[in-house]
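A.B. asks: Just one file: work_2.tsv, with TSV, C-alpha atoms and all ligand atoms.
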```
chain	number	residue	atom	x	y	z
S	365	MET	CA	19.44	18.22	-5.79
S	366	LYS	CA	15.77	19.11	-5.77
S	367	ALA	CA	13.81	17.61	-2.85
S	368	TRP	CA	10.26	18.15	-1.61
S	369	ARG	CA	10.22	19.06	2.09
S	370	PHE	CA	7.34	19.51	4.50
S	371	TYR	CA	7.25	22.69	6.61
S	372	GLY	CA	3.99	21.63	8.27
S	373	PHE	CA	0.80	19.76	7.38
S	374	GLY	CA	-0.32	20.91	3.93
S	375	ASP	CA	2.87	22.96	3.44
S	376	LEU	CA	5.08	21.21	0.88
S	377	ARG	CA	7.95	23.07	-0.84
S	378	MET	CA	10.59	22.04	-3.36
S	379	ASP	CA	14.03	22.97	-1.97
S	380	GLU	CA	17.62	22.66	-3.13
S	381	VAL	CA	19.50	20.33	-0.72
S	382	PRO	CA	22.86	18.49	-0.88
S	383	VAL	CA	22.95	15.04	-2.54
S	384	PRO	CA	23.26	12.57	0.37
S	385	GLN	CA	26.42	10.45	0.78
S	386	VAL	CA	26.27	6.66	0.60
S	387	THR	CA	26.86	4.99	3.95
S	388	PRO	CA	27.74	1.34	4.74
S	389	ARG	CA	25.16	-1.20	3.47
S	390	HIS	CA	23.29	1.58	1.60
S	391	VAL	CA	22.91	2.59	-2.05
S	392	LEU	CA	22.27	5.92	-3.80
S	393	VAL	CA	19.31	5.79	-6.18
S	394	GLU	CA	17.71	7.99	-8.81
S	395	PRO	CA	13.89	7.66	-8.50
S	396	LEU	CA	12.13	6.77	-11.78
S	397	CYS	CA	8.49	6.56	-10.71
S	398	VAL	CA	7.08	7.44	-7.26
S	399	GLN	CA	3.53	7.47	-5.90
S	400	PRO	CA	2.26	8.77	-2.56
S	401	SER	CA	0.43	6.03	-0.66
S	402	VAL	CA	-3.13	6.84	0.42
S	403	THR	CA	-1.88	6.98	4.02
S	404	GLU	CA	0.87	9.46	3.07
S	405	ALA	CA	-1.56	11.61	1.08
S	406	GLN	CA	-3.86	11.83	4.11
S	407	LEU	CA	-1.00	12.50	6.54
S	408	ALA	CA	0.30	15.28	4.26
S	409	GLN	CA	-2.95	17.14	4.90
S	410	GLY	CA	-2.91	16.41	8.64
S	411	ILE	CA	-5.73	13.85	8.55
S	412	PRO	CA	-5.36	11.35	11.43
S	413	THR	CA	-4.47	7.83	10.24
S	414	LEU	CA	-1.56	5.39	10.68
S	415	ALA	CA	1.55	7.13	12.16
S	416	TYR	CA	-0.18	10.52	12.54
S	417	ASP	CA	1.35	11.26	15.96
S	418	ARG	CA	4.85	10.37	14.76
S	419	ILE	CA	4.60	12.63	11.68
S	420	LYS	CA	3.09	15.48	13.73
S	421	ARG	CA	5.97	15.28	16.21
S	422	ARG	CA	8.57	15.31	13.43
S	423	LEU	CA	6.96	18.34	11.79
S	424	GLU	CA	6.86	20.19	15.13
S	425	THR	CA	10.48	19.45	16.01
S	426	GLU	CA	12.39	18.98	12.72
S	427	ALA	CA	10.65	20.92	9.90
S	428	PRO	CA	11.52	21.38	7.12
S	429	VAL	CA	11.76	17.62	6.71
S	430	GLN	CA	11.79	15.19	3.77
S	431	LEU	CA	8.83	12.88	4.29
S	432	PHE	CA	7.06	10.05	2.44
S	433	GLY	CA	7.86	8.36	-0.89
S	434	HIS	CA	8.17	4.68	0.03
S	435	GLU	CA	6.23	3.41	-3.01
S	436	PHE	CA	8.69	3.78	-5.88
S	437	CYS	CA	10.82	2.30	-8.62
S	438	ALA	CA	14.39	3.68	-8.67
S	439	ARG	CA	17.68	3.01	-10.39
S	440	ILE	CA	20.88	2.51	-8.40
S	441	VAL	CA	23.55	5.07	-9.32
S	442	GLU	CA	26.13	4.34	-6.58
S	443	VAL	CA	26.72	1.47	-4.16
S	444	HIS	CA	28.76	1.46	-0.96
S	445	PRO	CA	31.63	-1.09	-1.18
S	446	SER	CA	29.96	-3.11	1.64
S	447	VAL	CA	26.84	-3.72	-0.53
S	448	THR	CA	26.84	-7.26	-2.00
S	449	ARG	CA	23.41	-7.91	-3.55
S	450	PHE	CA	23.09	-4.94	-5.92
S	451	GLN	CA	25.09	-3.06	-8.51
S	452	VAL	CA	24.94	0.28	-10.33
S	453	GLY	CA	22.16	0.23	-12.95
S	454	ASP	CA	19.86	-2.18	-11.10
S	455	ARG	CA	16.24	-1.08	-10.88
S	456	VAL	CA	14.81	-1.60	-7.40
S	457	ALA	CA	11.66	-1.32	-5.28
S	458	ALA	CA	11.53	-1.49	-1.47
S	459	ARG	CA	9.50	-2.53	1.49
S	460	ALA	CA	8.93	0.37	3.83
S	461	LYS	CA	9.24	-1.11	7.30
S	462	LEU	CA	12.73	-2.20	8.24
S	463	PRO	CA	13.99	-4.45	11.05
S	464	CYS	CA	16.25	-3.01	13.78
S	465	GLY	CA	18.28	-6.23	13.70
S	466	GLN	CA	18.81	-6.28	17.47
S	467	CYS	CA	15.53	-6.76	19.36
S	468	GLY	CA	14.06	-10.09	20.48
S	469	GLN	CA	11.70	-10.24	17.47
S	470	CYS	CA	14.58	-9.64	15.03
S	471	LEU	CA	16.82	-12.23	16.73
S	472	SER	CA	14.09	-14.87	16.70
S	473	GLU	CA	13.51	-14.61	12.92
S	474	MET	CA	10.35	-12.53	13.33
S	475	SER	CA	12.00	-9.33	12.13
S	476	HIS	CA	8.90	-8.25	10.17
S	477	ARG	CA	7.20	-7.83	13.55
S	478	CYS	CA	10.00	-5.60	14.87
S	479	ARG	CA	8.58	-2.37	16.30
S	480	LYS	CA	11.90	-0.58	16.72
S	481	GLY	CA	13.21	-0.38	13.14
S	482	PRO	CA	12.69	2.69	10.93
S	483	VAL	CA	10.09	3.13	8.16
S	484	ILE	CA	11.19	4.61	4.83
S	485	GLY	CA	9.45	7.93	4.24
S	486	PHE	CA	8.39	8.25	7.89
S	487	ASP	CA	11.68	7.97	9.79
S	488	LEU	CA	14.05	8.06	6.79
S	489	PRO	CA	13.74	10.22	3.66
S	490	GLY	CA	11.85	8.48	0.83
S	491	CYS	CA	11.95	9.19	-2.90
S	492	PHE	CA	10.28	12.56	-3.46
S	493	SER	CA	13.71	13.96	-4.43
S	494	GLU	CA	16.17	13.67	-7.33
S	495	TYR	CA	18.33	11.21	-5.36
S	496	ALA	CA	17.81	9.11	-2.24
S	497	ILE	CA	19.84	6.86	0.05
S	498	LEU	CA	18.28	3.47	0.75
S	499	PRO	CA	19.35	0.55	2.95
S	500	GLU	CA	20.28	-2.63	1.04
S	501	ASN	CA	18.08	-4.80	3.30
S	502	SER	CA	14.92	-2.99	2.15
S	503	LEU	CA	15.40	-3.55	-1.58
S	504	VAL	CA	14.36	-6.03	-4.22
S	505	LYS	CA	15.64	-6.10	-7.80
S	506	VAL	CA	12.88	-5.44	-10.34
S	507	ASP	CA	12.60	-7.89	-13.24
S	508	ASP	CA	13.29	-6.37	-16.69
S	509	CYS	CA	9.77	-7.14	-17.95
S	510	ILE	CA	8.14	-5.05	-15.18
S	511	SER	CA	7.72	-1.35	-16.05
S	512	ASP	CA	8.83	1.48	-13.76
S	513	SER	CA	5.17	2.30	-13.23
S	514	GLU	CA	4.19	-1.26	-12.23
S	515	ALA	CA	7.27	-1.53	-10.00
S	516	ALA	CA	6.12	1.53	-8.01
S	517	CYS	CA	3.08	-0.57	-6.98
S	518	LEU	CA	5.10	-3.51	-5.63
S	519	GLN	CA	5.33	-2.19	-2.07
S	520	SER	CA	1.55	-1.98	-1.76
S	521	LEU	CA	1.20	-5.34	-3.52
S	522	SER	CA	3.47	-6.95	-0.91
S	523	ASP	CA	1.08	-5.73	1.81
S	524	SER	CA	-1.80	-7.31	-0.13
S	525	VAL	CA	0.14	-10.59	-0.39
S	526	ALA	CA	0.62	-10.51	3.41
S	527	SER	CA	-3.12	-9.76	3.87
S	528	VAL	CA	-4.18	-12.77	1.80
S	529	GLU	CA	-1.64	-14.97	3.56
S	530	THR	CA	-3.16	-13.91	6.90
S	531	ALA	CA	-6.59	-15.04	5.61
S	532	ASP	CA	-5.20	-18.57	5.05
S	533	ILE	CA	-7.77	-19.27	2.30
S	534	GLN	CA	-8.72	-22.93	1.83
S	535	ILE	CA	-9.40	-24.33	-1.66
S	536	GLY	CA	-12.92	-23.35	-2.69
S	537	ASP	CA	-13.55	-20.81	0.09
S	538	SER	CA	-16.07	-18.14	-0.85
S	539	VAL	CA	-14.51	-14.70	-0.51
S	540	ALA	CA	-15.98	-11.20	-0.44
S	541	ILE	CA	-13.78	-8.13	-0.86
S	542	ILE	CA	-15.27	-4.78	0.16
S	543	GLY	CA	-13.54	-1.89	-1.62
S	544	GLN	CA	-12.02	-2.19	-5.09
S	545	GLY	CA	-9.28	0.39	-4.84
S	546	SER	CA	-5.73	-0.72	-5.53
S	547	MET	CA	-5.37	-2.97	-2.45
S	548	GLY	CA	-8.87	-4.45	-2.89
S	549	LEU	CA	-8.12	-5.32	-6.52
S	550	GLU	CA	-4.75	-6.79	-5.49
S	551	CYS	CA	-6.38	-8.91	-2.74
S	552	LEU	CA	-8.91	-10.08	-5.35
S	553	GLN	CA	-6.22	-11.30	-7.74
S	554	ILE	CA	-4.08	-12.92	-5.03
S	555	ALA	CA	-7.11	-14.60	-3.39
S	556	ARG	CA	-7.99	-16.03	-6.81
S	557	LEU	CA	-4.43	-17.40	-7.15
S	558	SER	CA	-4.66	-18.82	-3.62
S	559	GLY	CA	-7.57	-21.15	-4.30
S	560	ALA	CA	-10.61	-18.99	-3.54
S	561	GLY	CA	-13.93	-20.32	-4.87
S	562	ARG	CA	-16.63	-17.76	-5.58
S	563	LEU	CA	-15.28	-14.20	-5.48
S	564	ILE	CA	-17.71	-11.37	-4.71
S	565	THR	CA	-16.48	-7.78	-4.74
S	566	VAL	CA	-18.09	-4.55	-3.59
S	567	ASP	CA	-17.48	-0.91	-4.49
S	568	VAL	CA	-19.56	2.23	-5.01
S	569	ARG	CA	-17.86	3.25	-8.28
S	570	ASP	CA	-18.99	1.67	-11.57
S	571	GLU	CA	-15.48	1.96	-13.06
S	572	SER	CA	-13.98	0.00	-10.13
S	573	CYS	CA	-16.68	-2.68	-10.44
S	574	GLN	CA	-15.85	-2.99	-14.16
S	575	VAL	CA	-12.09	-3.39	-13.51
S	576	SER	CA	-12.93	-5.87	-10.76
S	577	ARG	CA	-14.89	-8.06	-13.22
S	578	GLU	CA	-12.01	-7.87	-15.71
S	579	LEU	CA	-9.55	-8.99	-13.02
S	580	GLY	CA	-11.53	-12.05	-11.96
S	581	ALA	CA	-14.49	-11.16	-9.72
S	582	ASP	CA	-17.38	-13.57	-10.30
S	583	ILE	CA	-19.83	-10.95	-9.06
S	584	ALA	CA	-19.00	-7.25	-8.63
S	585	LEU	CA	-21.69	-5.42	-6.63
S	586	ASN	CA	-22.21	-1.67	-6.68
S	587	ALA	CA	-23.25	-0.90	-3.09
S	588	LYS	CA	-25.13	2.18	-4.30
S	589	ASN	CA	-27.60	-0.06	-6.14
S	590	CYS	CA	-28.26	-2.86	-3.65
S	591	ASN	CA	-28.07	-4.00	-0.04
S	592	VAL	CA	-24.76	-5.85	-0.28
S	593	VAL	CA	-25.21	-7.82	2.96
S	594	GLU	CA	-28.57	-9.18	1.75
S	595	VAL	CA	-27.20	-10.02	-1.70
S	596	VAL	CA	-24.18	-11.87	-0.25
S	597	ARG	CA	-26.47	-13.84	2.08
S	598	GLU	CA	-28.79	-14.73	-0.83
S	599	LEU	CA	-25.81	-15.90	-2.87
S	600	THR	CA	-24.65	-18.16	-0.02
S	601	GLU	CA	-27.99	-19.73	0.97
S	602	GLY	CA	-28.25	-17.41	3.97
S	603	ILE	CA	-24.94	-18.59	5.45
S	604	GLY	CA	-22.47	-15.85	4.51
S	605	VAL	CA	-19.02	-16.12	2.93
S	606	ASP	CA	-15.99	-17.88	4.43
S	607	VAL	CA	-13.69	-14.87	4.26
S	608	VAL	CA	-14.23	-11.10	3.94
S	609	PHE	CA	-11.52	-8.53	3.21
S	610	GLU	CA	-12.52	-5.05	4.41
S	611	CYS	CA	-10.55	-2.61	2.20
S	612	ALA	CA	-12.86	0.45	2.02
S	613	GLY	CA	-13.09	2.02	5.49
S	614	GLY	CA	-11.63	5.40	6.41
S	615	SER	CA	-12.30	9.11	6.34
S	616	PRO	CA	-15.43	10.03	4.31
S	617	ARG	CA	-13.75	13.42	3.66
S	618	GLN	CA	-11.45	11.51	1.28
S	619	GLY	CA	-14.28	9.56	-0.33
S	620	LEU	CA	-13.69	6.49	1.86
S	621	ALA	CA	-16.52	4.53	3.40
S	622	GLY	CA	-16.35	5.63	7.05
S	623	THR	CA	-17.07	2.69	9.37
S	624	GLN	CA	-20.13	1.16	7.65
S	625	THR	CA	-18.05	-1.32	5.62
S	626	GLN	CA	-16.62	-2.79	8.81
S	627	ARG	CA	-20.18	-3.50	9.99
S	628	GLN	CA	-21.08	-4.94	6.56
S	629	ALA	CA	-18.02	-7.21	6.67
S	630	LEU	CA	-19.08	-8.65	10.05
S	631	GLU	CA	-22.64	-9.16	8.79
S	632	MET	CA	-21.75	-10.92	5.52
S	633	VAL	CA	-19.22	-13.43	6.90
S	634	ARG	CA	-20.46	-16.88	7.97
S	635	SER	CA	-20.36	-18.05	11.58
S	636	GLY	CA	-16.79	-19.09	12.36
S	637	GLY	CA	-15.56	-17.18	9.30
S	638	LYS	CA	-12.75	-14.66	9.00
S	639	VAL	CA	-12.78	-10.91	8.46
S	640	ILE	CA	-9.45	-9.40	7.42
S	641	GLY	CA	-9.23	-5.74	8.43
S	642	VAL	CA	-7.09	-4.09	5.75
S	643	SER	CA	-8.34	-0.48	6.18
S	644	TRP	CA	-7.02	2.17	8.54
S	645	PHE	CA	-9.77	4.17	10.26
S	646	GLY	CA	-7.80	6.97	11.92
S	647	ALA	CA	-9.85	6.84	15.14
S	648	PRO	CA	-11.07	4.26	17.67
S	649	LEU	CA	-14.10	2.23	16.54
S	650	GLU	CA	-17.00	0.84	18.49
S	651	VAL	CA	-17.29	-2.91	17.88
S	652	ASP	CA	-20.08	-5.18	19.19
S	653	ILE	CA	-17.86	-7.87	20.73
S	654	ASP	CA	-20.86	-10.00	21.76
S	655	PHE	CA	-21.91	-10.20	18.09
S	656	LEU	CA	-18.44	-11.55	17.19
S	657	ARG	CA	-18.38	-13.84	20.21
S	658	GLU	CA	-21.84	-15.31	19.57
S	659	ARG	CA	-20.91	-16.14	15.96
S	660	SER	CA	-17.33	-17.26	16.73
S	661	LEU	CA	-15.99	-14.73	14.22
S	662	ARG	CA	-12.30	-14.25	13.72
S	663	TYR	CA	-11.37	-10.62	13.10
S	664	LEU	CA	-7.78	-10.66	11.88
S	665	PHE	CA	-5.31	-8.00	10.81
S	666	PRO	CA	-2.69	-8.49	8.09
S	667	ASP	CA	0.79	-9.38	9.20
S	668	ILE	CA	3.55	-6.94	8.20
S	669	SER	CA	4.94	-7.86	4.79
S	670	THR	CA	8.39	-9.44	4.66
S	671	GLN	CA	11.26	-9.37	2.18
S	672	ALA	CA	9.96	-12.75	0.94
S	673	HIS	CA	6.54	-11.23	0.23
S	674	LEU	CA	8.20	-8.41	-1.74
S	675	ALA	CA	10.27	-10.89	-3.75
S	676	HIS	CA	7.07	-12.85	-4.45
S	677	THR	CA	5.38	-9.72	-5.86
S	678	VAL	CA	8.14	-9.49	-8.48
S	679	ARG	CA	7.33	-13.06	-9.60
S	680	LEU	CA	3.56	-12.41	-9.57
S	681	VAL	CA	3.82	-9.35	-11.81
S	682	ALA	CA	6.65	-10.61	-14.05
S	683	SER	CA	4.69	-13.80	-14.80
S	684	GLY	CA	1.47	-11.89	-15.52
S	685	ARG	CA	-0.39	-13.61	-12.68
S	686	VAL	CA	-1.18	-10.24	-11.13
S	687	GLU	CA	-2.16	-7.35	-13.41
S	688	LEU	CA	-1.57	-3.77	-12.24
S	689	LYS	CA	-1.75	-1.64	-15.40
S	690	SER	CA	-5.53	-1.27	-15.52
S	691	THR	CA	-5.59	0.41	-12.09
S	692	ILE	CA	-3.08	3.15	-13.01
S	693	ARG	CA	-5.02	6.14	-14.33
S	694	HIS	CA	-2.86	9.18	-13.48
S	695	GLN	CA	0.78	9.59	-14.51
S	696	LEU	CA	2.19	13.06	-14.02
S	697	PRO	CA	5.44	14.26	-15.62
S	698	GLY	CA	8.38	15.55	-13.58
S	699	ILE	CA	9.28	16.13	-9.94
S	700	GLU	CA	7.27	19.39	-10.02
S	701	SER	CA	4.04	17.30	-10.14
S	702	VAL	CA	4.46	15.87	-6.63
S	703	PRO	CA	1.86	18.14	-4.91
S	704	GLN	CA	-0.69	17.30	-7.64
S	705	ALA	CA	-0.05	13.57	-7.07
S	706	PHE	CA	-0.78	14.06	-3.34
S	707	GLU	CA	-4.00	15.97	-4.14
S	708	ILE	CA	-5.29	13.26	-6.51
S	709	THR	CA	-4.29	10.39	-4.21
S	710	ALA	CA	-5.93	12.00	-1.17
S	711	ASN	CA	-9.18	12.40	-3.14
S	712	LYS	CA	-9.19	9.39	-5.44
S	713	SER	CA	-12.94	9.17	-5.97
S	714	LYS	CA	-13.12	12.86	-6.98
S	715	TYR	CA	-10.51	12.22	-9.70
S	716	GLN	CA	-11.75	8.74	-10.75
S	717	ALA	CA	-8.41	7.29	-9.60
S	718	ILE	CA	-7.98	3.66	-8.51
S	719	ASN	CA	-4.22	3.42	-7.92
S	720	PRO	CA	-2.48	6.46	-6.39
S	721	ALA	CA	-1.35	9.10	-8.92
S	722	GLN	CA	2.21	8.44	-10.09
S	723	VAL	CA	5.02	10.92	-10.70
S	724	ILE	CA	7.29	9.98	-13.61
S	725	PHE	CA	10.67	11.51	-12.90
S	726	ALA	CA	12.83	12.92	-15.68
S	727	THR	CA	16.02	10.90	-15.53
S	728	LYS	CA	19.49	11.27	-16.95
S	729	GLN	CA	19.63	7.73	-18.34
S	730	GLN	CA	17.55	5.83	-20.87
S	731	ASN	CA	14.75	3.90	-19.18
S	732	VAL	CA	14.61	0.13	-19.50
S	733	PRO	CA	11.10	-1.00	-20.61
S	801	ZN	ZN	14.02	-5.45	15.83
```
Mind turning this structure into structure tokens?
C.D. replies:
Amino acid sequence: MKAWRFYGFGDLRMDEVPVPQVTPRHVLVEPLCVQPSVTEAQLAQGIPTLAYDRIKRRLETEAPVQLFGHEFCARIVEVHPSVTRFQVGDRVAARAKLPCGQCGQCLSEMSHRCRKGPVIGFDLPGCFSEYAILPENSLVKVDDCISDSEAACLQSLSDSVASVETADIQIGDSVAIIGQGSMGLECLQIARLSGAGRLITVDVRDESCQVSRELGADIALNAKNCNVVEVVRELTEGIGVDVVFECAGGSPRQGLAGTQTQRQALEMVRSGGKVIGVSWFGAPLEVDIDFLRERSLRYLFPDISTQAHLAHTVRLVASGRVELKSTIRHQLPGIESVPQAFEITANKSKYQAINPAQVIFATKQQNVP
């Protein structure tokens, strides 16, 4: 089969490799639609972010190696006899981070917090290949009314569901969301479903602000045209909002906001309010702890998404309560397009992308919806 393998950072080649054999509690799938995550697209170029050291070590000791590809929709083509929940023909999506099943966290029903289990695409091959082996306990069946393209977004959506759950929004809470990329727009829609009152969003791209309004923002601010901290304070009688999601920070080389949005988040939340840190920064940050302490701020980080979160995403999209289509701008045909998808996803603002660029695989069977 054809499979993309990394020989080093920035060195991606399509090789011919054997089709993997199904093992106990695993299935063989044919990918239908796969997108690099923003984190993967940055790691592919050697930009420090989540899991950089782990990927660097694997490239130095194991290259060429199949990496990335945990955001996908795939069809099952073979199941091991020990698999009980799935059958051939099922379309599936997955969560990336898997439990080890043996540590104290796993045994005390906190398996999503396990730090020993593997991550699909980082420790196990993902779906940038014609076939892939996936563990049954990572998968969710995709409802027939969800397209392949929407299903490829479910993994990221499950992280957004976990982020909003961490915020524990109370009915009527005012919420600001900085960054209207795919996760920011997902947090917006889920916060709205979770009882948020006034919803204020921030981005620097007019097209993202427009989509944000269409998906339920009461006020979408373009940070290029105003001082967003001042505007949020004016809108809240000088108090600040109850909850802020910070979804824009990261490397300015990739068009992300650097660290300024983290400072804005802390300045626009009310005393005693919550800031949810969704972004990855790729380097240590300086934080004024006394500022947080004096205002009794709670700076929280999203819990790891669970299988229940992933199953919930299927319901949210199938019922139309969360809309993903308007964020998908780039769909590239065929497995050959994988490097182009990485390039676009690593530089989304340059290509006017909101969601990562998707690769639509040519498959041997007829696609359902
Ligand atoms: Zn464990």
A.B. asks: Need the shell around S:Val383: protein/DNA/RNA residues with any atom at most 7 Å away, counting only C-alpha atoms. Skip same-chain ones fewer than 2 positions apart. Format as a PyMOL selection string?
C.D. replies: chain S and resi 365+381+385+495
A.B. asks: Around all of stretch 494-502 of chain S's listed atoms, make the axis-aligned box with 8 Å on each side and tell me centre and edge lengths in Å to one decimal, as lines of an AutoDock Vina configuration file.
C.D. replies:
```
center_x = 17.6
center_y = 4.4
center_z = -2.0
size_x = 21.4
size_y = 34.5
size_z = 26.6
```
A.B. asks: To one decimal place, how far is atom CA of S:Leu549 from atom CA of S:Glu529 in Å?
C.D. replies: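 Atom-to-atom, atom CA of S:Leu549 and atom CA of S:Glu529 are spaced 15.4 Å apart.
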A.B. asks: Applying 12 Å and only C-alpha atoms, which residues near S:Phe436 remain after dropping the ones on its own chain fewer than 3 positions away? List them as number ranges by chain.
C.D. replies: S: 393-401, 432-433, 439, 455-460, 484-485, 490-493, 496, 498, 503-504, 506, 511-520, 720-725
A.B. asks: Which neighbours of S:Arg477 fall inside 12 Å, counting all atoms listed in the file, when residues of the same chain fewer than 5 positions from it are skipped, and could you give them as a list in words?
C.D. replies: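 Close residues of S:Arg477: Lys461, Leu462, Pro463, Cys464, Gly465, Cys467, Gly468, Gln469, Cys470, Leu471, Ser472, Pro666, Asp667, Ile668, Ser669 and Thr670 of chain S.
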A.B. asks: Ranking S:Leu585, S:Ala438, S:Ile692, S:Ile653 by minimum distance to S:Ala726 and counting all atoms listed in the file, which one comes first?
C.D. replies: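 Of the candidates, the smallest distance to S:Ala726 is held by S:Ala438.
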A.B. asks: Find the distance between atom CA of S:Thr691 and atom CA of S:Ala612 and write it in Å to one decimal.
C.D. replies: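 Distance reported for this atom pair: 15.9 Å.
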A.B. asks: Using all atoms listed in the file, pick whichever of S:Ser690, S:His476, S:Asp570, S:Val575 has the shortest atom-to-atom distance to ligand ZN 801 (chain S).
C.D. replies: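 Among the listed residues, the smallest separation from ligand ZN 801 (chain S) belongs to S:His476.
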A.B. asks: With distances taken over only C-alpha atoms, which residue among S:Lys420, S:Leu630, S:Asp567, S:Lys505 lies nearest S:Gly453?
C.D. replies: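 Closest to S:Gly453, using only C-alpha atoms: S:Lys505.
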